[in-house]
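To start, the structure itself, in structure tokens.
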Amino acid sequence: MPWIAEAKAAIAITGRPDISKYWLQDTSIASGYTWLEAVNQGLGAAFGAIYHAEDEEESVRRENHARKILNIPEDRRVVAIIGLGYPAETKPPKKLSPKVEMVHFNSFTE
């Protein structure tokens, strides 16, 4: 994530598998709320995935790199780093799918 060097601040999201079997879910929720609050405060935010659930070797490499730079203890899993700053430009909103395609009532329909 070379862009992280340009961020004015960053937040590392870590979990503790030794104290919670839901560490990945907990950190995912924390990441989302951190991002939402950053945007709510007028900041730009970018998600940098560190943990890789399907590639253990890649995950270990990324986590060890972040752990070394940020002095994160070995008992933490590093899930993500959220880069923060003030956006240089305002981009137009993304075109969202119609809600009828995303929200289903009582049963899933295609």
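Numbering starts fresh at 1 for the residues of each chain in the structure tokens, the chains themselves are lettered A, B, ... in the order given, and ligands are numbered from 1 as they appear.
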Using only C-alpha atoms, which residues sit within 8 Å of region 44-55 of chain A once same-chain residues fewer than 3 positions away are excluded, as JSON, numbers by chain? {"A": [1, 35, 38, 39, 58, 59, 60, 62, 63, 77, 78, 79, 80, 81, 82, 83, 84, 85, 86, 87]}
If you keep all heavy atoms, can you produce a file of those selected residues as a compact mmCIF listing (two decimals), in the first residue's frame?
```
# COMPACT_ATOMS: atom_id res chain seq x y z
N MET A 1 0.83 -1.18 0.00
CA MET A 1 0.00 0.00 0.00
C MET A 1 0.88 1.25 0.00
O MET A 1 0.99 1.92 1.02
CB MET A 1 -0.91 0.01 1.22
CG MET A 1 -1.80 -1.20 1.35
SD MET A 1 -2.74 -1.26 2.89
CE MET A 1 -1.57 -0.82 4.12
N TRP A 35 -14.19 3.86 9.54
CA TRP A 35 -14.33 4.49 8.23
C TRP A 35 -15.53 5.45 8.22
O TRP A 35 -15.41 6.60 7.79
CB TRP A 35 -14.50 3.42 7.16
CG TRP A 35 -14.48 3.94 5.76
CD1 TRP A 35 -15.11 5.04 5.26
CD2 TRP A 35 -13.79 3.37 4.66
NE1 TRP A 35 -14.87 5.18 3.92
CE2 TRP A 35 -14.07 4.17 3.54
CE3 TRP A 35 -12.99 2.26 4.51
CZ2 TRP A 35 -13.56 3.87 2.28
CZ3 TRP A 35 -12.49 1.98 3.26
CH2 TRP A 35 -12.76 2.78 2.17
N ALA A 38 -14.81 8.57 10.24
CA ALA A 38 -13.86 9.44 9.55
C ALA A 38 -14.57 10.28 8.50
O ALA A 38 -14.39 11.50 8.44
CB ALA A 38 -12.75 8.61 8.91
N VAL A 39 -15.41 9.65 7.71
CA VAL A 39 -16.17 10.36 6.68
C VAL A 39 -17.14 11.35 7.33
O VAL A 39 -17.28 12.48 6.87
CB VAL A 39 -16.91 9.36 5.76
CG1 VAL A 39 -17.86 10.08 4.81
CG2 VAL A 39 -15.89 8.54 4.97
N GLU A 58 0.76 -14.81 2.31
CA GLU A 58 0.65 -13.38 2.03
C GLU A 58 0.23 -12.62 3.30
O GLU A 58 0.76 -11.55 3.59
CB GLU A 58 -0.38 -13.14 0.92
CG GLU A 58 -0.63 -11.70 0.59
CD GLU A 58 0.52 -11.01 -0.12
OE1 GLU A 58 1.46 -11.69 -0.55
OE2 GLU A 58 0.46 -9.78 -0.27
N SER A 59 -0.70 -13.18 4.04
CA SER A 59 -1.15 -12.55 5.27
C SER A 59 -0.01 -12.40 6.27
O SER A 59 0.18 -11.32 6.84
CB SER A 59 -2.30 -13.35 5.89
OG SER A 59 -2.88 -12.62 6.94
N VAL A 60 0.75 -13.45 6.47
CA VAL A 60 1.88 -13.41 7.40
C VAL A 60 2.89 -12.35 6.96
O VAL A 60 3.39 -11.57 7.78
CB VAL A 60 2.54 -14.80 7.53
CG1 VAL A 60 3.89 -14.71 8.24
CG2 VAL A 60 1.61 -15.76 8.25
N ARG A 62 2.39 -9.62 5.11
CA ARG A 62 1.83 -8.28 5.31
C ARG A 62 1.75 -7.93 6.80
O ARG A 62 2.11 -6.82 7.20
CB ARG A 62 0.43 -8.19 4.70
CG ARG A 62 0.41 -8.19 3.21
CD ARG A 62 -1.01 -8.18 2.73
NE ARG A 62 -1.10 -8.15 1.28
CZ ARG A 62 -2.10 -7.62 0.62
NH1 ARG A 62 -3.12 -7.11 1.26
NH2 ARG A 62 -2.10 -7.64 -0.69
N GLU A 63 1.26 -8.87 7.59
CA GLU A 63 1.13 -8.61 9.03
C GLU A 63 2.48 -8.37 9.68
O GLU A 63 2.63 -7.45 10.50
CB GLU A 63 0.40 -9.75 9.72
CG GLU A 63 -1.08 -9.80 9.41
CD GLU A 63 -1.79 -10.89 10.17
OE1 GLU A 63 -2.08 -10.67 11.37
OE2 GLU A 63 -2.03 -11.97 9.58
N ARG A 77 -3.53 -9.93 15.58
CA ARG A 77 -3.60 -10.12 14.14
C ARG A 77 -3.91 -8.75 13.55
O ARG A 77 -4.78 -8.03 14.04
CB ARG A 77 -4.69 -11.11 13.76
CG ARG A 77 -4.48 -12.54 14.24
CD ARG A 77 -3.24 -13.22 13.67
NE ARG A 77 -3.13 -13.24 12.24
CZ ARG A 77 -3.40 -14.27 11.46
NH1 ARG A 77 -3.82 -15.41 12.01
NH2 ARG A 77 -3.25 -14.20 10.16
N VAL A 78 -3.19 -8.36 12.53
CA VAL A 78 -3.39 -7.06 11.89
C VAL A 78 -4.33 -7.27 10.72
O VAL A 78 -3.98 -7.92 9.74
CB VAL A 78 -2.06 -6.45 11.42
CG1 VAL A 78 -2.28 -5.04 10.90
CG2 VAL A 78 -1.04 -6.45 12.55
N VAL A 79 -5.53 -6.73 10.82
CA VAL A 79 -6.54 -6.94 9.80
C VAL A 79 -6.46 -5.88 8.71
O VAL A 79 -6.54 -6.19 7.53
CB VAL A 79 -7.96 -6.95 10.43
CG1 VAL A 79 -9.04 -7.02 9.37
CG2 VAL A 79 -8.06 -8.13 11.38
N ALA A 80 -6.29 -4.63 9.11
CA ALA A 80 -6.29 -3.54 8.13
C ALA A 80 -5.62 -2.31 8.70
O ALA A 80 -5.44 -2.18 9.91
CB ALA A 80 -7.73 -3.19 7.74
N ILE A 81 -5.26 -1.42 7.80
CA ILE A 81 -4.81 -0.08 8.17
C ILE A 81 -5.66 0.88 7.38
O ILE A 81 -5.76 0.77 6.15
CB ILE A 81 -3.32 0.14 7.88
CG1 ILE A 81 -2.47 -0.84 8.72
CG2 ILE A 81 -2.93 1.58 8.16
CD1 ILE A 81 -0.99 -0.78 8.44
N ILE A 82 -6.32 1.79 8.08
CA ILE A 82 -7.15 2.78 7.42
C ILE A 82 -6.38 4.09 7.36
O ILE A 82 -6.03 4.66 8.40
CB ILE A 82 -8.49 2.96 8.15
CG1 ILE A 82 -9.25 1.61 8.14
CG2 ILE A 82 -9.32 4.06 7.51
CD1 ILE A 82 -10.54 1.63 8.89
N GLY A 83 -6.07 4.52 6.14
CA GLY A 83 -5.39 5.79 5.94
C GLY A 83 -6.39 6.93 6.00
O GLY A 83 -7.51 6.82 5.49
N LEU A 84 -5.99 8.03 6.64
CA LEU A 84 -6.88 9.17 6.81
C LEU A 84 -6.22 10.45 6.31
O LEU A 84 -5.00 10.59 6.37
CB LEU A 84 -7.22 9.34 8.29
CG LEU A 84 -7.86 8.14 8.98
CD1 LEU A 84 -7.88 8.36 10.48
CD2 LEU A 84 -9.25 7.90 8.45
N GLY A 85 -7.04 11.37 5.86
CA GLY A 85 -6.55 12.67 5.43
C GLY A 85 -7.70 13.49 4.88
O GLY A 85 -8.85 13.05 4.87
N TYR A 86 -7.38 14.67 4.43
CA TYR A 86 -8.40 15.49 3.79
C TYR A 86 -8.33 15.24 2.29
O TYR A 86 -7.26 15.31 1.69
CB TYR A 86 -8.17 16.97 4.12
CG TYR A 86 -8.43 17.26 5.58
CD1 TYR A 86 -7.39 17.36 6.48
CD2 TYR A 86 -9.73 17.37 6.04
CE1 TYR A 86 -7.64 17.59 7.83
CE2 TYR A 86 -9.99 17.60 7.39
CZ TYR A 86 -8.94 17.71 8.27
OH TYR A 86 -9.18 17.92 9.60
N PRO A 87 -9.46 14.94 1.68
CA PRO A 87 -9.45 14.60 0.25
C PRO A 87 -8.99 15.78 -0.61
O PRO A 87 -9.37 16.92 -0.37
CB PRO A 87 -10.90 14.23 -0.06
CG PRO A 87 -11.70 14.51 1.15
CD PRO A 87 -10.78 14.88 2.26
```
Just want the 12 Å neighbourhood of Ile19 (chain A), counted on only C-alpha atoms, with same-chain residues fewer than 3 positions away dropped. Output as a ChimeraX atom specification. /A:15-16,22-24,26,75-77
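Residue-level DSSP output for region 33-88 of chain A, from the backbone, shows strand (DSSP E) at A:Gly44, A:Ala45, A:Ala46, A:Phe47, A:Gly48, A:Ala49, A:Arg77, A:Val78, A:Val79, A:Ala80, A:Ile81, A:Ile82, A:Gly83, A:Leu84, A:Gly85.
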Include N, CA and C atoms and write out the residues we just selected as a CSV table (one decimal), in the first residue's frame.
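Once written, selection.csv looks like this:
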```csv
chain,number,residue,atom,x,y,z
A,44,GLY,N,-11.1,12.0,4.4
A,44,GLY,CA,-11.1,11.0,3.4
A,44,GLY,C,-10.5,9.7,4.1
A,45,ALA,N,-11.0,8.6,3.7
A,45,ALA,CA,-10.5,7.3,4.3
A,45,ALA,C,-10.2,6.3,3.2
A,46,ALA,N,-9.2,5.5,3.4
A,46,ALA,CA,-8.9,4.5,2.4
A,46,ALA,C,-8.5,3.2,3.2
A,47,PHE,N,-9.1,2.1,2.8
A,47,PHE,CA,-9.0,0.8,3.5
A,47,PHE,C,-7.8,0.1,2.9
A,48,GLY,N,-6.8,-0.3,3.7
A,48,GLY,CA,-5.7,-1.1,3.3
A,48,GLY,C,-5.8,-2.5,4.0
A,49,ALA,N,-6.1,-3.5,3.2
A,49,ALA,CA,-6.2,-4.8,3.7
A,49,ALA,C,-4.9,-5.4,4.0
A,77,ARG,N,-3.5,-9.9,15.6
A,77,ARG,CA,-3.6,-10.1,14.1
A,77,ARG,C,-3.9,-8.7,13.6
A,78,VAL,N,-3.2,-8.4,12.5
A,78,VAL,CA,-3.4,-7.1,11.9
A,78,VAL,C,-4.3,-7.3,10.7
A,79,VAL,N,-5.5,-6.7,10.8
A,79,VAL,CA,-6.5,-6.9,9.8
A,79,VAL,C,-6.5,-5.9,8.7
A,80,ALA,N,-6.3,-4.6,9.1
A,80,ALA,CA,-6.3,-3.5,8.1
A,80,ALA,C,-5.6,-2.3,8.7
A,81,ILE,N,-5.3,-1.4,7.8
A,81,ILE,CA,-4.8,-0.1,8.2
A,81,ILE,C,-5.7,0.9,7.4
A,82,ILE,N,-6.3,1.8,8.1
A,82,ILE,CA,-7.2,2.8,7.4
A,82,ILE,C,-6.4,4.1,7.4
A,83,GLY,N,-6.1,4.5,6.1
A,83,GLY,CA,-5.4,5.8,5.9
A,83,GLY,C,-6.4,6.9,6.0
A,84,LEU,N,-6.0,8.0,6.6
A,84,LEU,CA,-6.9,9.2,6.8
A,84,LEU,C,-6.2,10.5,6.3
A,85,GLY,N,-7.0,11.4,5.9
A,85,GLY,CA,-6.6,12.7,5.4
A,85,GLY,C,-7.7,13.5,4.9
```
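For the pair CA of Asn64 (chain A) and CA of Trp3 (chain A), the interatomic distance is 18.6 Å.
A straight line drawn from CA of Leu43 (chain A) to CA of Thr27 (chain A) is 20.6 Å long.
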From CA of Ile69 (chain A) to CA of Ala5 (chain A) the spacing works out at 12.1 Å
What residues in chain A get the DSSP label alpha helix (DSSP H)? Please answer as a compact mmCIF listing (two decimals) with N, CA, C and O atoms, in the first residue's frame.
```
# COMPACT_ATOMS: atom_id res chain seq x y z
N TRP A 23 -12.69 -12.60 16.66
CA TRP A 23 -11.76 -11.48 16.44
C TRP A 23 -11.87 -10.91 15.03
O TRP A 23 -11.79 -9.70 14.85
N LEU A 24 -12.08 -11.74 14.03
CA LEU A 24 -12.16 -11.23 12.65
C LEU A 24 -13.45 -10.43 12.45
O LEU A 24 -13.44 -9.37 11.83
N GLN A 25 -14.55 -10.93 12.99
CA GLN A 25 -15.81 -10.19 12.90
C GLN A 25 -15.71 -8.87 13.67
O GLN A 25 -16.16 -7.82 13.17
N ASP A 26 -15.14 -8.93 14.87
CA ASP A 26 -14.99 -7.72 15.69
C ASP A 26 -14.17 -6.65 14.98
O ASP A 26 -14.53 -5.47 14.96
N THR A 27 -13.07 -7.07 14.39
CA THR A 27 -12.21 -6.10 13.72
C THR A 27 -12.84 -5.58 12.43
O THR A 27 -12.63 -4.43 12.06
N SER A 28 -13.61 -6.42 11.77
CA SER A 28 -14.31 -5.97 10.56
C SER A 28 -15.33 -4.89 10.91
O SER A 28 -15.43 -3.87 10.23
N ILE A 29 -16.07 -5.10 12.00
CA ILE A 29 -17.03 -4.11 12.45
C ILE A 29 -16.31 -2.82 12.86
O ILE A 29 -16.72 -1.71 12.49
N ALA A 30 -15.20 -2.96 13.59
CA ALA A 30 -14.43 -1.78 14.00
C ALA A 30 -13.92 -1.01 12.79
O ALA A 30 -13.95 0.23 12.78
N SER A 31 -13.49 -1.72 11.77
CA SER A 31 -13.01 -1.06 10.54
C SER A 31 -14.12 -0.25 9.90
O SER A 31 -13.92 0.91 9.50
N GLY A 32 -15.29 -0.85 9.78
CA GLY A 32 -16.41 -0.16 9.16
C GLY A 32 -16.82 1.09 9.91
O GLY A 32 -17.02 2.16 9.32
N TYR A 33 -16.92 0.96 11.24
CA TYR A 33 -17.31 2.12 12.03
C TYR A 33 -16.23 3.20 12.03
O TYR A 33 -16.54 4.40 12.03
N THR A 34 -14.98 2.80 12.01
CA THR A 34 -13.88 3.78 11.94
C THR A 34 -13.98 4.56 10.63
O THR A 34 -13.86 5.79 10.62
N TRP A 35 -14.19 3.86 9.54
CA TRP A 35 -14.33 4.49 8.23
C TRP A 35 -15.53 5.45 8.22
O TRP A 35 -15.41 6.60 7.79
N LEU A 36 -16.68 4.98 8.70
CA LEU A 36 -17.87 5.83 8.70
C LEU A 36 -17.67 7.09 9.53
O LEU A 36 -18.07 8.18 9.13
N GLU A 37 -17.04 6.96 10.69
CA GLU A 37 -16.83 8.13 11.53
C GLU A 37 -15.82 9.10 10.90
O GLU A 37 -15.97 10.31 11.00
N ALA A 38 -14.81 8.57 10.24
CA ALA A 38 -13.86 9.44 9.55
C ALA A 38 -14.57 10.28 8.50
O ALA A 38 -14.39 11.50 8.44
N VAL A 39 -15.41 9.65 7.71
CA VAL A 39 -16.17 10.36 6.68
C VAL A 39 -17.14 11.35 7.33
O VAL A 39 -17.28 12.48 6.87
N ASN A 40 -17.76 10.94 8.43
CA ASN A 40 -18.66 11.82 9.17
C ASN A 40 -17.94 13.08 9.66
O ASN A 40 -18.54 14.15 9.75
N GLU A 56 -2.49 -17.59 3.51
CA GLU A 56 -1.81 -17.46 4.80
C GLU A 56 -0.41 -16.86 4.65
O GLU A 56 0.01 -16.02 5.45
N GLU A 57 0.32 -17.28 3.62
CA GLU A 57 1.68 -16.78 3.42
C GLU A 57 1.67 -15.27 3.17
O GLU A 57 2.47 -14.53 3.73
N GLU A 58 0.76 -14.81 2.31
CA GLU A 58 0.65 -13.38 2.03
C GLU A 58 0.23 -12.62 3.30
O GLU A 58 0.76 -11.55 3.59
N SER A 59 -0.70 -13.18 4.04
CA SER A 59 -1.15 -12.55 5.27
C SER A 59 -0.01 -12.40 6.27
O SER A 59 0.18 -11.32 6.84
N VAL A 60 0.75 -13.45 6.47
CA VAL A 60 1.88 -13.41 7.40
C VAL A 60 2.89 -12.35 6.96
O VAL A 60 3.39 -11.57 7.78
N ARG A 61 3.18 -12.30 5.68
CA ARG A 61 4.14 -11.31 5.16
C ARG A 61 3.65 -9.89 5.43
O ARG A 61 4.38 -9.05 5.94
N ARG A 62 2.39 -9.62 5.11
CA ARG A 62 1.83 -8.28 5.31
C ARG A 62 1.75 -7.93 6.80
O ARG A 62 2.11 -6.82 7.20
N GLU A 63 1.26 -8.87 7.59
CA GLU A 63 1.13 -8.61 9.03
C GLU A 63 2.48 -8.37 9.68
O GLU A 63 2.63 -7.45 10.50
N ASN A 64 3.47 -9.17 9.34
CA ASN A 64 4.81 -8.98 9.92
C ASN A 64 5.40 -7.64 9.54
O ASN A 64 6.07 -7.00 10.35
N HIS A 65 5.16 -7.21 8.31
CA HIS A 65 5.65 -5.90 7.87
C HIS A 65 5.00 -4.78 8.71
O HIS A 65 5.69 -3.91 9.24
N ALA A 66 3.68 -4.83 8.83
CA ALA A 66 2.97 -3.82 9.63
C ALA A 66 3.39 -3.90 11.10
O ALA A 66 3.61 -2.88 11.75
N ARG A 67 3.52 -5.13 11.61
CA ARG A 67 3.91 -5.34 13.01
C ARG A 67 5.27 -4.71 13.28
O ARG A 67 5.47 -4.06 14.31
N LYS A 68 6.21 -4.90 12.36
CA LYS A 68 7.57 -4.36 12.53
C LYS A 68 7.56 -2.83 12.52
O LYS A 68 8.14 -2.20 13.40
N ILE A 69 6.90 -2.24 11.54
CA ILE A 69 6.89 -0.78 11.40
C ILE A 69 6.16 -0.11 12.57
O ILE A 69 6.59 0.93 13.07
N LEU A 70 5.05 -0.71 13.00
CA LEU A 70 4.20 -0.08 14.02
C LEU A 70 4.42 -0.64 15.43
O LEU A 70 3.71 -0.25 16.35
N LYS A 99 -32.44 -0.40 -4.93
CA LYS A 99 -32.69 -1.13 -3.68
C LYS A 99 -33.46 -2.41 -3.91
O LYS A 99 -33.25 -3.39 -3.21
N VAL A 100 -34.35 -2.43 -4.89
CA VAL A 100 -35.13 -3.63 -5.16
C VAL A 100 -34.23 -4.81 -5.53
O VAL A 100 -34.60 -5.97 -5.36
N GLU A 101 -33.02 -4.53 -6.01
CA GLU A 101 -32.07 -5.59 -6.34
C GLU A 101 -31.23 -6.01 -5.13
O GLU A 101 -30.59 -7.06 -5.17
N MET A 102 -31.21 -5.21 -4.09
CA MET A 102 -30.35 -5.48 -2.94
C MET A 102 -31.11 -5.89 -1.69
O MET A 102 -30.58 -6.58 -0.84
```
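Minimum distance to Pro73 (chain A) across A:Ala9, A:Phe108, A:Ser97, A:Thr14 (counting only C-alpha atoms) occurs at A:Thr14.
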Between A:Val103, A:Gly42, A:Ile13, A:Pro2, smallest distance to Thr90 (chain A) by only C-alpha atoms belongs to A:Gly42
